[in-house]
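For reference, protein-v3.pdb (PDB, C-alpha atoms, pLDDT in the B column):
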```pdb
ATOM      1  CA  MET A1034     160.516 169.605 419.582  1.00 47.00           C
ATOM      2  CA  ALA A1035     161.718 169.256 416.007  1.00 48.00           C
ATOM      3  CA  ALA A1036     163.015 165.906 414.842  1.00 50.00           C
ATOM      4  CA  ALA A1037     166.703 165.765 414.037  1.00 58.00           C
ATOM      5  CA  ARG A1038     167.397 165.867 410.323  1.00 68.00           C
ATOM      6  CA  LYS A1039     168.962 162.761 408.896  1.00 76.00           C
ATOM      7  CA  PRO A1040     172.316 163.694 407.354  1.00 82.00           C
ATOM      8  CA  VAL A1041     173.143 163.204 403.698  1.00 91.00           C
ATOM      9  CA  VAL A1042     175.512 160.232 403.556  1.00 92.00           C
ATOM     10  CA  GLU A1043     178.036 159.680 400.812  1.00 92.00           C
ATOM     11  CA  VAL A1044     179.649 156.235 400.731  1.00 94.00           C
ATOM     12  CA  ARG A1045     183.056 156.041 399.098  1.00 93.00           C
ATOM     13  CA  ARG A1046     184.355 152.571 398.240  1.00 94.00           C
ATOM     14  CA  SER A1047     188.079 151.942 398.041  1.00 91.00           C
ATOM     15  CA  GLU A1048     190.028 149.118 396.388  1.00 91.00           C
ATOM     16  CA  ARG A1049     192.965 149.763 398.734  1.00 90.00           C
ATOM     17  CA  ARG A1050     190.887 149.581 401.913  1.00 89.00           C
ATOM     18  CA  ARG A1051     190.594 145.967 403.143  1.00 86.00           C
ATOM     19  CA  ARG A1052     188.853 145.928 406.521  1.00 87.00           C
ATOM     20  CA  THR A1053     188.712 149.391 408.032  1.00 90.00           C
ATOM     21  CA  VAL A1054     185.796 151.775 407.909  1.00 93.00           C
ATOM     22  CA  SER A1055     185.964 155.462 408.745  1.00 91.00           C
ATOM     23  CA  ALA A1056     183.656 158.447 408.581  1.00 91.00           C
ATOM     24  CA  TYR A1057     183.918 162.207 408.802  1.00 90.00           C
ATOM     25  CA  ARG A1058     181.809 165.280 408.242  1.00 86.00           C
ATOM     26  CA  GLU A1059     182.268 167.324 405.097  1.00 85.00           C
ATOM     27  CA  GLY A1060     180.016 170.324 405.518  1.00 83.00           C
ATOM     28  CA  GLU A1061     176.441 169.048 405.912  1.00 85.00           C
ATOM     29  CA  ARG A1062     177.369 165.647 404.467  1.00 90.00           C
ATOM     30  CA  VAL A1063     178.769 162.556 406.199  1.00 92.00           C
ATOM     31  CA  VAL A1064     181.387 160.682 404.173  1.00 93.00           C
ATOM     32  CA  VAL A1065     181.791 156.991 404.998  1.00 94.00           C
ATOM     33  CA  LEU A1066     184.847 155.206 403.617  1.00 94.00           C
ATOM     34  CA  ILE A1067     184.486 151.431 403.195  1.00 94.00           C
ATOM     35  CA  PRO A1068     186.299 148.594 401.403  1.00 95.00           C
ATOM     36  CA  SER A1069     185.033 148.067 397.857  1.00 93.00           C
ATOM     37  CA  GLN A1070     184.313 144.368 398.487  1.00 94.00           C
ATOM     38  CA  PHE A1071     181.664 145.089 401.158  1.00 94.00           C
ATOM     39  CA  SER A1072     178.164 143.909 400.252  1.00 93.00           C
ATOM     40  CA  ARG A1073     175.213 146.327 400.274  1.00 94.00           C
ATOM     41  CA  ALA A1074     174.119 144.787 403.610  1.00 95.00           C
ATOM     42  CA  GLU A1075     177.574 145.370 405.132  1.00 93.00           C
ATOM     43  CA  GLU A1076     177.558 148.894 403.735  1.00 92.00           C
ATOM     44  CA  SER A1077     174.199 149.604 405.337  1.00 93.00           C
ATOM     45  CA  GLU A1078     175.320 148.119 408.667  1.00 94.00           C
ATOM     46  CA  TRP A1079     178.525 150.162 408.716  1.00 94.00           C
ATOM     47  CA  VAL A1080     176.829 153.413 407.699  1.00 93.00           C
ATOM     48  CA  GLY A1081     174.532 153.003 410.727  1.00 92.00           C
ATOM     49  CA  LYS A1082     177.471 152.245 413.038  1.00 93.00           C
ATOM     50  CA  MET A1083     179.483 155.210 411.792  1.00 91.00           C
ATOM     51  CA  LEU A1084     176.556 157.627 412.119  1.00 89.00           C
ATOM     52  CA  ALA A1085     176.151 156.457 415.738  1.00 87.00           C
ATOM     53  CA  ARG A1086     179.876 156.999 416.397  1.00 86.00           C
ATOM     54  CA  LEU A1087     179.772 160.507 414.954  1.00 85.00           C
ATOM     55  CA  ALA A1088     176.703 161.312 417.069  1.00 82.00           C
ATOM     56  CA  ALA A1089     178.510 160.055 420.203  1.00 76.00           C
ATOM     57  CA  ARG A1090     181.522 162.206 419.345  1.00 74.00           C
ATOM     58  CA  ASP A1091     179.243 165.219 418.896  1.00 73.00           C
ATOM     59  CA  LEU A1092     177.790 164.639 422.368  1.00 67.00           C
ATOM     60  CA  ARG A1093     181.279 164.402 423.878  1.00 63.00           C
ATOM     61  CA  SER A1094     182.273 167.684 422.269  1.00 61.00           C
ATOM     62  CA  GLN A1095     179.343 169.409 423.999  1.00 68.00           C
ATOM     63  CA  ARG A1096     180.542 168.497 427.513  1.00 77.00           C
ATOM     64  CA  SER A1097     180.776 171.579 429.698  1.00 86.00           C
ATOM     65  CA  ASP A1098     183.206 172.461 432.473  1.00 89.00           C
ATOM     66  CA  ALA A1099     180.481 171.453 434.950  1.00 91.00           C
ATOM     67  CA  ASP A1100     180.197 168.029 433.272  1.00 92.00           C
ATOM     68  CA  LEU A1101     183.975 167.678 433.455  1.00 94.00           C
ATOM     69  CA  GLU A1102     184.023 168.573 437.154  1.00 95.00           C
ATOM     70  CA  THR A1103     181.249 166.067 437.860  1.00 95.00           C
ATOM     71  CA  ARG A1104     183.190 163.362 436.043  1.00 96.00           C
ATOM     72  CA  ALA A1105     186.364 164.225 437.985  1.00 97.00           C
ATOM     73  CA  ARG A1106     184.512 163.783 441.274  1.00 96.00           C
ATOM     74  CA  GLN A1107     183.089 160.438 440.109  1.00 97.00           C
ATOM     75  CA  LEU A1108     186.550 159.185 439.131  1.00 98.00           C
ATOM     76  CA  ALA A1109     188.087 160.363 442.414  1.00 97.00           C
ATOM     77  CA  GLN A1110     185.363 158.606 444.402  1.00 97.00           C
ATOM     78  CA  ARG A1111     185.808 155.419 442.411  1.00 97.00           C
ATOM     79  CA  TYR A1112     189.591 155.115 442.136  1.00 98.00           C
ATOM     80  CA  LEU A1113     190.967 157.315 444.929  1.00 98.00           C
ATOM     81  CA  THR A1114     188.404 156.679 447.656  1.00 97.00           C
ATOM     82  CA  GLU A1115     190.796 156.524 450.605  1.00 97.00           C
ATOM     83  CA  PHE A1116     192.100 160.044 449.915  1.00 96.00           C
ATOM     84  CA  GLY A1117     188.711 161.737 450.398  1.00 94.00           C
ATOM     85  CA  ALA A1118     188.816 165.515 449.966  1.00 94.00           C
ATOM     86  CA  ILE A1119     192.525 165.467 449.047  1.00 95.00           C
ATOM     87  CA  ALA A1120     191.605 163.879 445.699  1.00 96.00           C
ATOM     88  CA  MET A1121     188.856 166.435 445.000  1.00 96.00           C
ATOM     89  CA  PRO A1122     189.822 169.376 442.794  1.00 96.00           C
ATOM     90  CA  ALA A1123     188.784 172.969 443.482  1.00 96.00           C
ATOM     91  CA  SER A1124     188.049 173.395 439.786  1.00 96.00           C
ATOM     92  CA  VAL A1125     188.264 171.478 436.525  1.00 96.00           C
ATOM     93  CA  ARG A1126     187.902 173.123 433.132  1.00 95.00           C
ATOM     94  CA  TRP A1127     188.549 172.794 429.413  1.00 94.00           C
ATOM     95  CA  VAL A1128     191.259 175.067 428.000  1.00 95.00           C
ATOM     96  CA  THR A1129     192.324 175.984 424.483  1.00 91.00           C
ATOM     97  CA  ASN A1130     195.931 176.955 425.202  1.00 92.00           C
ATOM     98  CA  GLN A1131     197.391 173.472 425.827  1.00 87.00           C
ATOM     99  CA  ASN A1132     198.767 172.193 422.561  1.00 83.00           C
ATOM    100  CA  GLY A1133     201.766 170.343 423.958  1.00 86.00           C
ATOM    101  CA  ARG A1134     200.032 168.442 426.733  1.00 92.00           C
ATOM    102  CA  TRP A1135     196.718 166.715 427.355  1.00 96.00           C
ATOM    103  CA  GLY A1136     196.122 168.163 430.796  1.00 96.00           C
ATOM    104  CA  SER A1137     197.740 169.965 433.688  1.00 96.00           C
ATOM    105  CA  CYS A1138     197.290 170.252 437.420  1.00 96.00           C
ATOM    106  CA  THR A1139     198.351 172.876 439.935  1.00 96.00           C
ATOM    107  CA  PRO A1140     198.336 171.074 443.301  1.00 95.00           C
ATOM    108  CA  ALA A1141     198.845 174.341 445.248  1.00 95.00           C
ATOM    109  CA  ASP A1142     195.413 175.680 444.260  1.00 96.00           C
ATOM    110  CA  ARG A1143     193.897 172.264 443.372  1.00 96.00           C
ATOM    111  CA  THR A1144     192.998 173.239 439.788  1.00 97.00           C
ATOM    112  CA  ILE A1145     192.943 170.923 436.794  1.00 97.00           C
ATOM    113  CA  ARG A1146     192.846 171.919 433.153  1.00 97.00           C
ATOM    114  CA  LEU A1147     192.232 169.571 430.218  1.00 96.00           C
ATOM    115  CA  SER A1148     193.060 170.402 426.624  1.00 95.00           C
ATOM    116  CA  GLU A1149     190.093 170.914 424.311  1.00 92.00           C
ATOM    117  CA  ARG A1150     191.723 168.239 422.110  1.00 92.00           C
ATOM    118  CA  VAL A1151     190.788 165.595 424.706  1.00 93.00           C
ATOM    119  CA  ARG A1152     187.114 166.550 424.383  1.00 89.00           C
ATOM    120  CA  GLU A1153     186.943 164.894 420.950  1.00 85.00           C
ATOM    121  CA  MET A1154     188.568 161.654 422.112  1.00 90.00           C
ATOM    122  CA  PRO A1155     186.722 158.576 423.375  1.00 89.00           C
ATOM    123  CA  GLY A1156     185.394 158.953 426.919  1.00 91.00           C
ATOM    124  CA  TRP A1157     187.724 156.312 428.347  1.00 95.00           C
ATOM    125  CA  VAL A1158     190.736 158.329 427.124  1.00 96.00           C
ATOM    126  CA  GLY A1159     189.362 161.504 428.714  1.00 95.00           C
ATOM    127  CA  ASP A1160     188.784 159.578 431.938  1.00 97.00           C
ATOM    128  CA  TYR A1161     192.414 158.465 431.933  1.00 98.00           C
ATOM    129  CA  VAL A1162     193.711 162.027 431.419  1.00 98.00           C
ATOM    130  CA  LEU A1163     191.397 163.299 434.145  1.00 98.00           C
ATOM    131  CA  LEU A1164     192.426 160.585 436.613  1.00 98.00           C
ATOM    132  CA  HIS A1165     196.098 161.237 435.773  1.00 98.00           C
ATOM    133  CA  GLU A1166     195.615 164.880 436.769  1.00 98.00           C
ATOM    134  CA  LEU A1167     193.596 163.945 439.879  1.00 98.00           C
ATOM    135  CA  VAL A1168     196.463 161.762 441.068  1.00 98.00           C
ATOM    136  CA  HIS A1169     198.725 164.825 440.837  1.00 98.00           C
ATOM    137  CA  LEU A1170     196.632 166.329 443.660  1.00 97.00           C
ATOM    138  CA  ILE A1171     197.981 163.478 445.820  1.00 97.00           C
ATOM    139  CA  VAL A1172     201.430 162.882 444.278  1.00 97.00           C
ATOM    140  CA  PRO A1173     202.814 165.900 442.387  1.00 94.00           C
ATOM    141  CA  SER A1174     205.632 164.031 440.616  1.00 95.00           C
ATOM    142  CA  HIS A1175     205.624 161.067 438.225  1.00 96.00           C
ATOM    143  CA  ASN A1176     207.206 158.657 440.713  1.00 97.00           C
ATOM    144  CA  ALA A1177     206.384 154.987 441.343  1.00 97.00           C
ATOM    145  CA  ARG A1178     203.584 155.850 443.814  1.00 97.00           C
ATOM    146  CA  PHE A1179     202.012 158.155 441.219  1.00 98.00           C
ATOM    147  CA  TRP A1180     201.954 155.444 438.531  1.00 98.00           C
ATOM    148  CA  GLU A1181     200.669 152.892 441.048  1.00 98.00           C
ATOM    149  CA  LEU A1182     197.640 155.106 441.714  1.00 98.00           C
ATOM    150  CA  VAL A1183     197.082 155.910 438.025  1.00 98.00           C
ATOM    151  CA  SER A1184     197.185 152.203 437.164  1.00 97.00           C
ATOM    152  CA  ARG A1185     194.024 151.648 439.209  1.00 98.00           C
ATOM    153  CA  TYR A1186     192.201 152.818 436.095  1.00 97.00           C
ATOM    154  CA  PRO A1187     191.691 149.598 434.085  1.00 97.00           C
ATOM    155  CA  ARG A1188     192.312 151.191 430.673  1.00 97.00           C
ATOM    156  CA  THR A1189     195.523 153.006 431.618  1.00 97.00           C
ATOM    157  CA  GLU A1190     197.820 151.223 429.161  1.00 97.00           C
ATOM    158  CA  ARG A1191     195.286 151.377 426.353  1.00 97.00           C
ATOM    159  CA  ALA A1192     194.685 155.110 426.890  1.00 97.00           C
ATOM    160  CA  ARG A1193     198.414 155.845 427.050  1.00 97.00           C
ATOM    161  CA  GLY A1194     198.878 153.971 423.767  1.00 96.00           C
ATOM    162  CA  TYR A1195     196.029 155.926 422.190  1.00 96.00           C
ATOM    163  CA  LEU A1196     197.545 159.247 423.290  1.00 96.00           C
ATOM    164  CA  GLU A1197     201.024 158.215 422.118  1.00 95.00           C
ATOM    165  CA  GLY A1198     199.568 157.336 418.715  1.00 94.00           C
ATOM    166  CA  ILE A1199     197.808 160.693 418.430  1.00 91.00           C
ATOM    167  CA  ALA A1200     200.995 162.506 419.462  1.00 90.00           C
ATOM    168  CA  ALA A1201     203.096 160.536 416.963  1.00 89.00           C
ATOM    169  CA  ALA A1202     200.632 161.194 414.138  1.00 86.00           C
ATOM    170  CA  GLY A1203     200.762 164.910 414.896  1.00 74.00           C
ATOM    171  CA  HIS A1204     204.536 165.176 414.534  1.00 55.00           C
TER     172      HIS A1204
END
```

Please rewrite the model in this file as structure tokens.
Amino acid sequence: MAAARKPVVEVRRSERRRRTVSAYREGERVVVLIPSQFSRAEESEWVGKMLARLAARDLRSQRSDADLETRARQLAQRYLTEFGAIAMPASVRWVTNQNGRWGSCTPADRTIRLSERVREMPGWVGDYVLLHELVHLIVPSHNARFWELVSRYPRTERARGYLEGIAAAGH
């Protein structure tokens, strides 16, 4: 098996940036944006962290429909145990045609679809969206019982805030 090639990293220092660090791919290169006052040791530390984050994101983006279905079953077993088979979907898949929503569920045929956009998000956000749709298998509407079940997921509020921020940035 061939060893993975180490990417070319370009570090860009910014006078305006105070504490935040970000990274993105630009062709074959990884660009890491850091505050100009960072020392060489801090730069090195953050380049390593950002390369690890990009690698984790790449792994998330490779998740298949089968991986998604497995994760849905794990979440149902963990957070919706007492509902048994009712909380288990017939199918779960990634779709490219959902630009206005993160996921959807059709309780009648027990199918769940998640937007491809969620695939790039942190795993805990994807788990929230998936659990949200799983709860629709039990409670089709967004009533108090629905939100009570969704709130069993410990990062519900954080994930909702993340999604609201993404939605706001997109408009």

Produce a table with one row for each residue of range 1036-1154 of chain A that has an atom at most 12 Å from any atom of range 1180-1203 of chain A, each row naming the nearest atom pair and its distance in Å at one decimal; use all atoms listed in the file; arrange rows by chain and rising residue number; format as CSV.
```
residue,atom,partner,partner_atom,distance
A:Leu1108,CA,A:Tyr1186,CA,9.0
A:Ala1109,CA,A:Tyr1186,CA,10.7
A:Arg1111,CA,A:Tyr1186,CA,9.4
A:Tyr1112,CA,A:Arg1185,CA,6.3
A:Leu1113,CA,A:Leu1182,CA,7.7
A:Thr1114,CA,A:Leu1182,CA,11.1
A:Glu1115,CA,A:Leu1182,CA,11.3
A:Phe1116,CA,A:Leu1182,CA,11.1
A:Ala1120,CA,A:Leu1182,CA,11.4
A:Asn1132,CA,A:Ala1200,CA,10.4
A:Gly1133,CA,A:Ala1200,CA,9.1
A:Arg1134,CA,A:Ala1200,CA,9.4
A:Trp1135,CA,A:Leu1196,CA,8.5
A:Gly1136,CA,A:Leu1196,CA,11.7
A:Arg1150,CA,A:Ile1199,CA,10.4
A:Val1151,CA,A:Leu1196,CA,9.4
A:Glu1153,CA,A:Ile1199,CA,11.9
A:Met1154,CA,A:Leu1196,CA,9.4
```

Could you build a table of the residues in range 1123-1188 of chain A lying no more than 12 Å from range 1099-1103 of chain A, giving for each the nearest pair of atoms and their separation in Å rounded to one decimal place, using all atoms listed in the file, ordered by chain and ascending residue number, as CSV?
```
residue,atom,partner,partner_atom,distance
A:Ala1123,CA,A:Glu1102,CA,9.1
A:Ser1124,CA,A:Glu1102,CA,6.8
A:Val1125,CA,A:Glu1102,CA,5.2
A:Arg1126,CA,A:Leu1101,CA,6.7
A:Trp1127,CA,A:Leu1101,CA,8.0
A:Val1128,CA,A:Leu1101,CA,11.7
A:Thr1144,CA,A:Glu1102,CA,10.5
A:Ile1145,CA,A:Glu1102,CA,9.2
A:Arg1146,CA,A:Leu1101,CA,9.8
A:Leu1147,CA,A:Leu1101,CA,9.1
A:Ser1148,CA,A:Leu1101,CA,11.7
A:Glu1149,CA,A:Leu1101,CA,11.5
A:Val1151,CA,A:Leu1101,CA,11.3
A:Arg1152,CA,A:Leu1101,CA,9.7
A:Gly1156,CA,A:Leu1101,CA,11.0
A:Gly1159,CA,A:Leu1101,CA,9.5
A:Asp1160,CA,A:Leu1101,CA,9.5
A:Val1162,CA,A:Leu1101,CA,11.4
A:Leu1163,CA,A:Leu1101,CA,8.6
A:Leu1164,CA,A:Leu1101,CA,11.5
A:Leu1167,CA,A:Glu1102,CA,11.0
```

Identify the residues within 7 Å of coordinate (177.6, 162.2, 405.5) (same frame as the file), considering all atoms listed in the file, and give the answer as a PyMOL selection string.
chain A and resi 1040-1043+1058-1059+1061-1065

Six-sided padding of 4 Å per side, axis-aligned box over range 1112-1130 of chain A, centre and edges in Å, one decimal, as JSON:
```
{"center_x": 191.9, "center_y": 166.0, "center_z": 437.5, "size_x": 16.0, "size_y": 29.8, "size_z": 34.1}
```

So which residues are close to (193.3, 165.7, 446.9), meaning at most 8 Å away in the file's coordinates with only C-alpha atoms counted, and can you show them as a ChimeraX atom specification?
/A:1116-1122,1143,1167-1168,1170-1171
